[in-house]
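> Sharing a structure with you now.
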Amino acid sequence: MSAPEVIFDDVSKFYGEILGVNRVTLRIPPGITSMVGPNGSGKTTLMNLMTGLIQPDRGSINVRGLSPLDPEKLMRITGYATQYDAAPRGTTGFQFVSAGLELYGHSRAEAARLAWKALEIVGMTEAARRKVAAYSKGMRQRIRLAHAIAHEPEVLVLDEPLNGLDPLVRAETIVLFRRFANEGRHVILSSHVLQEVDVISDQVILIANGMIAAEGEIRTVREEIHERPSQFQVRCRDASQVASLLFAQDHVAEVRLHEDRKGMLVLTRNRKVLAEALSRLAQDGHVIESIIPADEDVDALYEYLIGGRQ
Amino acid sequence: MAVYRRGYQRYQGAYTSHFTRLLAFPRFSWRRLMSQRLVDIVIIVSLFWPVACMLFVYLCHHTELWQGLGGGLTRILSVNGQFFHVFMTVQSVFAVLLAALAGPGLIAPDLANNALPLYFSRPISRLDYVLARILVLVGMISFVTWIPGLFVFGMQAGMAGWGWLVSNWRLGAAVFAGFAVWSLLLSLVALASSAYVRWRIIAGAVVLGFFFVLAGAAQMIKQVMGADWALALNPGEAMSRIWKVMLGVELDAGPGPWACALALSVTALILCWILERKLRAVEVVS
């Protein structure tokens with residue numbers, strides 16, 4: 001059986017005359033998917049569409065077999081954490097989470113049980129009886145996360161979930177996302193911290209001006225960008241010699257020696273041929289210590305696909 | 001793409017009913033509202049008049065206490081439709097005050113905090129959300145309207161006996177239904193102003209202003225154009241005229257009950273339209 005996916009089929013959404021997203025076609029598999037794009041690019045619109053908060057003007061959406069037109073069912077399997085502090089004034093962290101569960105249809109006792117479980121997962125049990133208004137930014141972020149995960153959703157949609165978290169909690173939160181992903185759930189998040197996206201994501205969706213610039217695993221996306229030579233950091237003992245041998249090859253666009261003369265940055269138009277060339281050099285007795293892709297990260301993709309357009 | 005094994009289980013337990021889910025809203029809101037001193041003061045003060053009315057009912061059934069004051073006074077002491085109309089008119093003012101105090105805090109903060117996406121990403125609709133908020137207000141207003149009203153009616157029925165109850169049950173039904181309609185209208189006014197004006201104090205003033213301004217406008221149109229129907233534009237007057245008919249009290253010159261009902265229905269529709277426009281999960285840019 002194929003994995004349940006979140007599918008956008010030719011989806012467009014306009015707010016009056018303003019474009020939200022235009023003709024988006026996506027298949028998002030389970031795992032951690034990061035949506036990256038500048039402000040106003042359409043990330044939140046995509047999130048709102050997949051959680052059924054807004055309906056598309058065109059196209060259809062399918063969330064693990066459910067349509068957003070059936071919100072009663074869809075919302076039971078989705079958990080959404082917006083980037084806003086939406087807790088009603090005067091409520092404690094526990095009340096905020098358990099009231100949310102009651103709205104899902106859990107009995108008070110069951111809501112209390114699930115709320116404590118979620119609060120424990122995000123490390124907020126000690127502060128649970130305090131009012132949300134008195135929480136720090138990081139604590140509010142965690143309570144929103146608890147609110148979103150408390151009903152054990154299959155699709156977790158999180159708007160900037162790592163903002164305001166200290167490094168330790170951030171690491172714990174990423175572990176939690178990974179656990180969810182490993183269980184076969186969807187964790188779909190938006191983030192502006194590209195390094196973080198790089199580390200945690202199974203796949204990325206790059207979005208600009210309401211249109212998808214690229215989607216898929218970061219490496220696959222990078223391979224698709226033919227007009228930009230791929231960059232590799234190569235460390236070796238006889239760097240000058242290796243550099244001259246590589247530069248003689250047609251696929252190599254540029255070679256930049258490192259200052260310490262023990263490595264170089266190689267820009268190639270054909271990754272496969274470069275790999276073969278380096279393999280041959282190694283067989284000829286050159287000591288190649290490491291080959292590391294230098295632009296297979298979201299930063300580079302963002303720069304190539306979105307940064308260049310602005 | 002990584003291959004994931006499904007390692008979790010969907011919730012298999014039972015869910016509560018749709019209505020039970022909605023009660024989660026009022027439970028928290030009532031607790032918060034009852035902790036506001038002004039709300040408590042209005043509720044307490046609003047109970048003075050029902051207590052006075054109960055005393056009146058008691059005195060009506062103990063005429064021996066009045067015999068020294070002459071027969072004329074005894075004759076006007078009767079619990080009838082007019083009595084309940086006066087009771088409802090006084091209590092309706094407290095209901096307006098309560099709606100102005102409690103209503104603005106129900107939607108405005110949700111809009112200001114962008115909390116609507118949070119609610120609407122749960123299995124509740126916009127209609128559910130409005131119904132839940134109406135429940136909060138109707139529940140609060142009930143404390144000062146039909147609940148004391150039925151206490152007064154019950155006391156009168158208890159003292160007057162079965163025969164009075166059989167021939168006057170309609171008064172009790174009118175107190176309940178009349179206040180129910182008034183509570184609903186007040187709730188819609190308070191919620192619409194809360195949705196329209198995000199600053200709570202201003203929203204409260206808008207609730208009071210709604211009744212004062214319409215009352216003034218209705219009176220002005222009546223004076224300038226000499227049109228009695230204009231009184232139906234004053235929600236308080238329109239409601240009062242409907243109550244009179246329901247209680248069997250003679251109606252003076254002016255619009256009839258159906259015209260008043262029509263005016264109130266149109267008002268309610270406009271308020272619903274405002275709520276429909278303002279309560280969106282996502283801000284719609286025009």
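Within each chain, counting starts at residue 1; across the structure tokens, chains are named A, B, ... in the order shown, with ligands numbered 1 upward in that order.
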Taking a cut-off of 12 Å and counting only C-alpha atoms, can you build a table that, for each residue of range 116-169 of chain A near range 120-143 of chain B, reports the nearest atom pair and how far apart they are in Å (one decimal), sorted by chain then residue number, as CSV?


residue,atom,partner,partner_atom,distance
A:His147,CA,B:Arg122,CA,11.0
A:Ala148,CA,B:Ser121,CA,9.9
A:His151,CA,B:Arg122,CA,10.5
A:Pro153,CA,B:Arg122,CA,11.5
A:Leu156,CA,B:Ser121,CA,11.6
A:Val157,CA,B:Ser121,CA,10.6

> Could you save those same residues with C-alpha atoms as an mmCIF file, in the first residue's frame?


data_model
loop_
_atom_site.group_PDB
_atom_site.id
_atom_site.type_symbol
_atom_site.label_atom_id
_atom_site.label_comp_id
_atom_site.auth_asym_id
_atom_site.auth_seq_id
_atom_site.Cartn_x
_atom_site.Cartn_y
_atom_site.Cartn_z
ATOM 1 C CA HIS A 147 -2.025 22.279 21.790
ATOM 2 C CA ALA A 148 -1.348 21.043 18.263
ATOM 3 C CA HIS A 151 -4.972 14.901 20.003
ATOM 4 C CA PRO A 153 -2.731 14.160 14.797
ATOM 5 C CA LEU A 156 1.032 18.266 12.025
ATOM 6 C CA VAL A 157 1.100 21.702 10.418
#

> With only C-alpha atoms as the counted atoms, please give the residues lying no more than 12 Å from Gly254 in chain B, apart from itself and same-chain residues fewer than 5 positions off, as a PyMOL selection string.

chain B and resi 218-219+222+226-234+237-238+240-242+259-260

> Output the selection as an mmCIF file, in the first residue's frame - N, CA and C atoms for each residue.


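Okay, this is what ended up in result_15.cif:
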data_model
loop_
_atom_site.group_PDB
_atom_site.id
_atom_site.type_symbol
_atom_site.label_atom_id
_atom_site.label_comp_id
_atom_site.auth_asym_id
_atom_site.auth_seq_id
_atom_site.Cartn_x
_atom_site.Cartn_y
_atom_site.Cartn_z
ATOM 1 N N ALA B 218 -35.515 56.751 15.811
ATOM 2 C CA ALA B 218 -36.916 56.359 15.623
ATOM 3 C C ALA B 218 -37.842 57.505 16.059
ATOM 4 N N GLN B 219 -37.495 58.109 17.190
ATOM 5 C CA GLN B 219 -38.322 59.210 17.708
ATOM 6 C C GLN B 219 -38.288 60.411 16.758
ATOM 7 N N LYS B 222 -40.319 59.766 13.707
ATOM 8 C CA LYS B 222 -41.750 59.843 14.067
ATOM 9 C C LYS B 222 -42.198 61.310 14.147
ATOM 10 N N GLY B 226 -44.069 62.281 11.121
ATOM 11 C CA GLY B 226 -45.367 61.932 11.697
ATOM 12 C C GLY B 226 -45.742 60.485 11.439
ATOM 13 N N ALA B 227 -44.728 59.658 11.354
ATOM 14 C CA ALA B 227 -44.951 58.243 11.024
ATOM 15 C C ALA B 227 -44.822 57.386 12.278
ATOM 16 N N ASP B 228 -45.939 56.815 12.715
ATOM 17 C CA ASP B 228 -45.908 55.968 13.910
ATOM 18 C C ASP B 228 -45.072 54.706 13.706
ATOM 19 N N TRP B 229 -45.034 54.246 12.445
ATOM 20 C CA TRP B 229 -44.294 53.008 12.186
ATOM 21 C C TRP B 229 -42.811 53.121 12.559
ATOM 22 N N ALA B 230 -42.324 54.387 12.600
ATOM 23 C CA ALA B 230 -40.900 54.594 12.901
ATOM 24 C C ALA B 230 -40.531 54.033 14.272
ATOM 25 N N LEU B 231 -41.519 53.926 15.169
ATOM 26 C CA LEU B 231 -41.235 53.384 16.505
ATOM 27 C C LEU B 231 -40.692 51.958 16.429
ATOM 28 N N ALA B 232 -41.066 51.266 15.344
ATOM 29 C CA ALA B 232 -40.582 49.883 15.197
ATOM 30 C C ALA B 232 -39.077 49.836 14.961
ATOM 31 N N LEU B 233 -38.487 50.998 14.581
ATOM 32 C CA LEU B 233 -37.036 51.032 14.356
ATOM 33 C C LEU B 233 -36.259 51.064 15.666
ATOM 34 N N ASN B 234 -36.967 51.377 16.757
ATOM 35 C CA ASN B 234 -36.343 51.359 18.077
ATOM 36 C C ASN B 234 -36.483 49.932 18.635
ATOM 37 N N GLU B 237 -38.412 49.589 21.913
ATOM 38 C CA GLU B 237 -39.846 49.842 21.766
ATOM 39 C C GLU B 237 -40.521 48.687 21.020
ATOM 40 N N ALA B 238 -39.857 48.234 19.971
ATOM 41 C CA ALA B 238 -40.430 47.123 19.174
ATOM 42 C C ALA B 238 -40.605 45.889 20.049
ATOM 43 N N SER B 240 -40.825 45.822 23.310
ATOM 44 C CA SER B 240 -41.836 46.108 24.338
ATOM 45 C C SER B 240 -43.249 45.906 23.784
ATOM 46 N N ARG B 241 -43.477 46.336 22.546
ATOM 47 C CA ARG B 241 -44.809 46.214 21.945
ATOM 48 C C ARG B 241 -45.150 44.736 21.724
ATOM 49 N N ILE B 242 -44.130 43.948 21.349
ATOM 50 C CA ILE B 242 -44.380 42.509 21.164
ATOM 51 C C ILE B 242 -44.706 41.865 22.514
ATOM 52 N N ALA B 259 -45.297 44.197 12.518
ATOM 53 C CA ALA B 259 -44.343 45.184 11.998
ATOM 54 C C ALA B 259 -43.102 45.230 12.892
ATOM 55 N N CYS B 260 -43.351 45.161 14.208
ATOM 56 C CA CYS B 260 -42.222 45.177 15.152
ATOM 57 C C CYS B 260 -41.362 43.922 14.984
#

> Please provide as a short mmCIF file (atom, residue, chain, number, x, y, z; two decimals) with N, CA and C atoms, in the first residue's frame all residues within 10 Å of Phe212 in chain B, with the sequence filter that same-chain residues fewer than 4 positions apart are discarded (counting only C-alpha atoms).


data_model
loop_
_atom_site.label_atom_id
_atom_site.label_comp_id
_atom_site.auth_asym_id
_atom_site.auth_seq_id
_atom_site.Cartn_x
_atom_site.Cartn_y
_atom_site.Cartn_z
N VAL B 206 -20.54 50.82 21.95
CA VAL B 206 -21.33 50.62 20.73
C VAL B 206 -22.63 49.87 21.05
N VAL B 207 -22.54 48.92 21.96
CA VAL B 207 -23.74 48.15 22.35
C VAL B 207 -24.79 49.11 22.93
N LEU B 208 -24.33 49.96 23.87
CA LEU B 208 -25.27 50.91 24.48
C LEU B 208 -25.75 51.91 23.44
N GLY B 216 -33.35 57.21 19.49
CA GLY B 216 -33.39 58.63 19.12
C GLY B 216 -33.82 58.81 17.67
N ALA B 217 -33.23 57.98 16.81
CA ALA B 217 -33.54 58.09 15.37
C ALA B 217 -35.01 57.78 15.13
N ALA B 218 -35.51 56.75 15.81
CA ALA B 218 -36.92 56.36 15.62
C ALA B 218 -37.84 57.50 16.06
N ASN B 234 -36.97 51.38 16.76
CA ASN B 234 -36.34 51.36 18.08
C ASN B 234 -36.48 49.93 18.64
N PRO B 235 -35.37 49.20 18.72
CA PRO B 235 -35.48 47.79 19.12
C PRO B 235 -36.15 47.60 20.48
N GLY B 236 -35.85 48.53 21.41
CA GLY B 236 -36.46 48.42 22.73
C GLY B 236 -37.96 48.58 22.67
#

> Tell me, as number ranges by chain, which residues lie within 9 Å of Gln91 in chain B, counting only C-alpha atoms; anything in the same chain fewer than 6 positions away does not count.

B: 46-47, 49-50, 144-145, 149

> Using only C-alpha atoms, determine which residues of chain A fall within 7 Å of chain B; present them as a ChimeraX atom specification.

/A:15-16,51,53,71-72,75-76,80,84-86,99,102-107,182-184

> Could you write those residues out with N, CA and C atoms, as a CSV table (one decimal), in the first residue's frame?


chain,number,residue,atom,x,y,z
A,15,TYR,N,-7.2,36.0,-2.8
A,15,TYR,CA,-7.9,36.8,-1.8
A,15,TYR,C,-8.4,38.1,-2.5
A,16,GLY,N,-9.6,38.0,-3.0
A,16,GLY,CA,-10.0,39.2,-3.9
A,16,GLY,C,-9.2,39.1,-5.1
A,51,THR,N,-5.3,22.6,6.1
A,51,THR,CA,-6.0,22.4,7.3
A,51,THR,C,-7.5,22.7,7.2
A,53,LEU,N,-9.0,25.5,6.6
A,53,LEU,CA,-9.4,26.8,7.1
A,53,LEU,C,-9.9,27.7,5.9
A,71,PRO,N,-14.5,19.0,6.9
A,71,PRO,CA,-13.7,19.4,8.0
A,71,PRO,C,-13.8,18.6,9.2
A,72,GLU,N,-15.0,18.1,9.5
A,72,GLU,CA,-15.2,17.3,10.7
A,72,GLU,C,-14.2,16.1,10.8
A,75,MET,N,-10.2,17.6,10.4
A,75,MET,CA,-9.6,18.3,11.5
A,75,MET,C,-9.3,17.3,12.7
A,76,ARG,N,-9.8,16.1,12.6
A,76,ARG,CA,-9.4,15.2,13.7
A,76,ARG,C,-8.0,14.6,13.4
A,80,TYR,N,-2.8,22.0,14.0
A,80,TYR,CA,-2.3,23.2,13.4
A,80,TYR,C,-1.8,24.1,14.5
A,84,TYR,N,0.7,32.7,16.1
A,84,TYR,CA,0.2,33.7,17.0
A,84,TYR,C,-0.1,33.2,18.4
A,85,ASP,N,0.0,34.1,19.3
A,85,ASP,CA,-0.4,33.7,20.7
A,85,ASP,C,-1.9,33.8,20.8
A,86,ALA,N,-2.5,32.7,20.7
A,86,ALA,CA,-4.0,32.7,20.6
A,86,ALA,C,-4.7,32.3,21.8
A,99,ALA,N,-8.9,22.5,26.9
A,99,ALA,CA,-10.1,23.1,26.2
A,99,ALA,C,-10.0,22.8,24.7
A,102,GLU,N,-11.2,19.4,24.3
A,102,GLU,CA,-12.7,19.2,24.4
A,102,GLU,C,-13.4,19.7,23.1
A,103,LEU,N,-12.8,20.6,22.4
A,103,LEU,CA,-13.4,21.1,21.2
A,103,LEU,C,-13.3,20.0,20.1
A,104,TYR,N,-12.3,19.1,20.3
A,104,TYR,CA,-12.2,17.9,19.4
A,104,TYR,C,-13.2,16.9,19.7
A,105,GLY,N,-13.8,16.9,20.9
A,105,GLY,CA,-14.9,16.0,21.2
A,105,GLY,C,-14.4,15.0,22.3
A,106,HIS,N,-13.3,15.3,22.9
A,106,HIS,CA,-12.9,14.4,24.0
A,106,HIS,C,-13.6,14.8,25.3
A,107,SER,N,-13.9,13.7,26.1
A,107,SER,CA,-14.5,14.0,27.4
A,107,SER,C,-13.6,14.8,28.3
A,182,ASN,N,9.1,9.5,12.0
A,182,ASN,CA,9.4,8.1,11.9
A,182,ASN,C,8.2,7.2,12.1
A,183,GLU,N,7.2,7.8,12.7
A,183,GLU,CA,6.0,7.0,12.9
A,183,GLU,C,5.1,7.0,11.7
A,184,GLY,N,5.5,7.7,10.7
A,184,GLY,CA,4.8,7.7,9.4
A,184,GLY,C,3.8,8.9,9.4

> What residues in range 179-217 of chain A get the DSSP label alpha helix (DSSP H)? Please answer as a list of chain:residue names.

A:Arg179, A:Phe180, A:Ala181, A:Asn182, A:Leu194, A:Gln195, A:Glu196, A:Val197, A:Asp198, A:Val199, A:Ile200

> Of the residues B:Leu171, B:Leu65, B:Leu38, B:Met155, which is the one nearest to Phe84 in chain B, using only C-alpha atoms?

B:Leu171

> Just list the residues in range 169-265 of chain A DSSP gives strand (DSSP E) on the backbone, as a ChimeraX atom specification.

/A:186-190,203-208,211-216,230-236,252-257,263-265

> Determine the nearest neighbour of Trp243 in chain B from the options B:Arg37, B:His85, B:Arg170, B:His62, counting only C-alpha atoms.

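The shortest atom-to-atom distance to Trp243 in chain B comes from B:His85.
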
> Could you please determine the separation between CA of Trp164 in chain B and CA of Ala180 in chain B in Å, to one decimal place?

23.8 Å

> Find the nearest atom pair between each residue of range 169-264 of chain A and range 269-286 of chain A for residues within 10 Å, count only C-alpha atoms, give distances in Å to one decimal, sort rows by chain and ascending number, and present the table as CSV.


residue,atom,partner,partner_atom,distance
A:Glu223,CA,A:Arg271,CA,8.5
A:His226,CA,A:Arg269,CA,7.3
A:Glu227,CA,A:Arg269,CA,8.1
A:Arg228,CA,A:Arg269,CA,7.5
A:Pro229,CA,A:Arg269,CA,4.7
A:Ser230,CA,A:Arg269,CA,6.3
A:Gln231,CA,A:Arg271,CA,8.9
A:Phe232,CA,A:Arg271,CA,9.1
A:Val234,CA,A:Leu278,CA,9.3
A:Cys236,CA,A:His286,CA,7.6
A:Arg237,CA,A:His286,CA,7.6
A:Asp238,CA,A:His286,CA,7.1
A:Ala239,CA,A:His286,CA,9.1
A:Gln241,CA,A:His286,CA,9.0
A:Val242,CA,A:His286,CA,7.6
A:Leu245,CA,A:Leu281,CA,8.7
A:Leu246,CA,A:Ala277,CA,7.6
A:Gln249,CA,A:Ala277,CA,8.8
A:Asp250,CA,A:Arg269,CA,8.8
A:His251,CA,A:Arg269,CA,5.2
A:Val252,CA,A:Arg269,CA,6.4
A:Ala253,CA,A:Arg269,CA,6.9
A:Glu254,CA,A:Arg269,CA,9.8

> Just to be explicit: take each residue in the selection above, keep C-alpha atoms, and write the result as a tab-separated table (two decimals), in the first residue's frame.


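File written: out_31.tsv
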chain	number	residue	atom	x	y	z
A	223	GLU	CA	20.45	18.16	-9.19
A	226	HIS	CA	21.27	22.56	-14.36
A	227	GLU	CA	22.11	26.17	-15.08
A	228	ARG	CA	24.09	26.45	-11.86
A	229	PRO	CA	27.27	24.33	-11.62
A	230	SER	CA	27.33	22.05	-8.57
A	231	GLN	CA	29.89	22.97	-5.94
A	232	PHE	CA	32.10	20.52	-4.06
A	234	VAL	CA	37.57	18.63	-2.14
A	236	CYS	CA	43.52	16.44	-0.73
A	237	ARG	CA	47.27	16.52	-0.07
A	238	ASP	CA	48.47	17.68	-3.49
A	239	ALA	CA	45.74	20.17	-4.10
A	241	GLN	CA	48.20	19.24	-8.93
A	242	VAL	CA	44.70	17.82	-8.52
A	245	LEU	CA	44.11	18.04	-13.59
A	246	LEU	CA	40.47	18.77	-12.82
A	249	GLN	CA	38.31	18.69	-17.91
A	250	ASP	CA	35.38	20.15	-19.87
A	251	HIS	CA	32.72	19.72	-17.18
A	252	VAL	CA	34.68	21.73	-14.62
A	253	ALA	CA	33.67	25.38	-14.71
A	254	GLU	CA	35.88	26.70	-11.97

> Kindly indicate which residue among B:Tyr196, B:Gly209, B:Trp30, B:Gly161 lies nearest to Leu97 in chain B, using only C-alpha atoms for the distances.

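Closest residue, counting only C-alpha atoms: B:Gly209.
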